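*Asks:* Can you keep this structure in mind? I'll have questions shortly.
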Amino acid sequence: MKTLVDHLSQYAAYHRDQRNIITHFIGIPMIVVAVAILLSRPGLEVAGLWLSPAAAVVAIASLFYLRLDLKLGVVMALLLVLTLWVGAAAAGQSTTVWLSSGIGLFVVGWIIQFVGHYYEGRKPAFVDDVMGLAIGPLFVVAEAGFLLGLRKEVEQVVVERSGPVCIRDKSAAA
C-alpha cells in the first residue's frame, strides 16, 4: 500500500502552479459537499442519525485516510462528517433544492478545477490514477496544514519528490 507521502507526492506532481492549488482550495470542497448532498438521498433517520449512501462513503473514506495518517485522517473524518450534516440538511429540502444544490456545486466545482489545470498546463491527476479523486481532498487539507507550518517533514519530502510550487508574479504576466 502506498504511504501518505507517496500519495501526496504523486498528486502534487500534477499541482505545482500556485494558481492551480488555489483553485483546488475552492473547487475540491465544493465537489466533496456536492457528492455528500447527492448521496444523502435515499436515506432514513435512525437514532437521530441520517443514514444514507453518503454515510457509507464517508465511513470508507475516513478509514482510508486514518490508515494513511492518524492526524490528517482525524481532520479528514471531522470534515467529512461536516459534509454529512450539510448533505442531510439538503436532503431534507424539496427535490428541486436538493438536486439543484448538489448538481450546481458539482458542476461549478469541476469548472474551477479545470481552470486551475489550464493554468497548470497539465491534466488532472485522476486521469492517470483514479485514486486522485480520493487524494484530492487530502491534498487540500495537507496543503492547508503546510501553510500553517504543520507537518513540515511531510511537506519537505513531497517537495523533494514533486518539485517546488511555482509562484506566478503578477508583473511577469504584463
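Just so we're on the same page: first chain in the C-alpha cells is A, next is B, and so on; residues restart at 1 for each chain, and ligands are numbered from 1 in the order they show up.
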Neighbouring residues of A:Glu155 were defined as those with any atom within 9 Å, considering only C-alpha atoms; residues of the same chain fewer than 5 positions away were excluded. Please report them as JSON, numbers by chain.
*Replies:* {"A": [5, 142, 143, 146, 150, 160]}
*Asks:* Dump N, CA and C atoms for the selected residues as a JSON list (two decimals), in the first residue's frame?
*Replies:*
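Everything below was put into again_15.json:
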[["chain", "number", "residue", "atom", "x", "y", "z"],
["A", 5, "VAL", "N", 2.99, 9.97, 2.03],
["A", 5, "VAL", "CA", 3.91, 10.76, 1.22],
["A", 5, "VAL", "C", 3.87, 10.30, -0.24],
["A", 142, "ALA", "N", -3.82, 18.78, 3.55],
["A", 142, "ALA", "CA", -2.38, 18.76, 3.81],
["A", 142, "ALA", "C", -1.76, 20.10, 3.44],
["A", 143, "GLU", "N", -2.13, 20.65, 2.30],
["A", 143, "GLU", "CA", -1.60, 21.96, 1.87],
["A", 143, "GLU", "C", -1.99, 23.05, 2.87],
["A", 146, "PHE", "N", 0.32, 22.66, 5.70],
["A", 146, "PHE", "CA", 1.66, 23.15, 5.35],
["A", 146, "PHE", "C", 1.70, 24.68, 5.45],
["A", 150, "LEU", "N", 2.49, 23.29, 9.72],
["A", 150, "LEU", "CA", 2.37, 21.95, 10.28],
["A", 150, "LEU", "C", 2.95, 20.91, 9.32],
["A", 160, "GLU", "N", 10.50, 17.54, -2.33],
["A", 160, "GLU", "CA", 11.68, 16.86, -2.90],
["A", 160, "GLU", "C", 11.27, 15.94, -4.04]]
*Asks:* Skip stretch 89-103 of chain A itself and residues of its chain fewer than 2 positions away, then list as an MDAnalysis selection string all residues within 10 Å of it, counting only C-alpha atoms.
*Replies:* chainID A and resid 30:43 50 52 83:87 105:109
*Asks:* Which residues are close to stretch 118-134 of chain A, i.e. within 8 Å by only C-alpha atoms, leaving aside same-chain residues fewer than 2 positions away? Reply as a list in words.
*Replies:*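 Neighbouring residues, sequence-local ones excluded: Tyr11, Tyr14, His15, Arg16, Asp17, Arg19, Asn20, Ala61, Phe114, Val115, Gly116, Gly136, Pro137 and Leu138 of chain A.
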*Asks:* Nearest to A:Thr23: which of A:Lys152, A:His7, A:Arg161, A:His117 is it, counting only C-alpha atoms?
*Replies:* A:His117
*Asks:* Please indicate the distance in Å from atom CA of A:Val165 to atom CA of A:Gly145, rounded to one decimal place.
*Replies:*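 Computing it gives 15.3 Å between the two atoms.
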*Asks:* Provide the atom CA of A:Ile60 to atom CA of A:Asp6 distance in Å, to one decimal place.
*Replies:*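 It comes out at 20.0 Å.
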*Asks:* Which neighbours of A:Val74 fall inside 10 Å, counting only C-alpha atoms, when residues of the same chain fewer than 6 positions from it are skipped, and could you give them as a PyMOL selection string?
*Replies:* chain A and resi 62-63+65-66+80
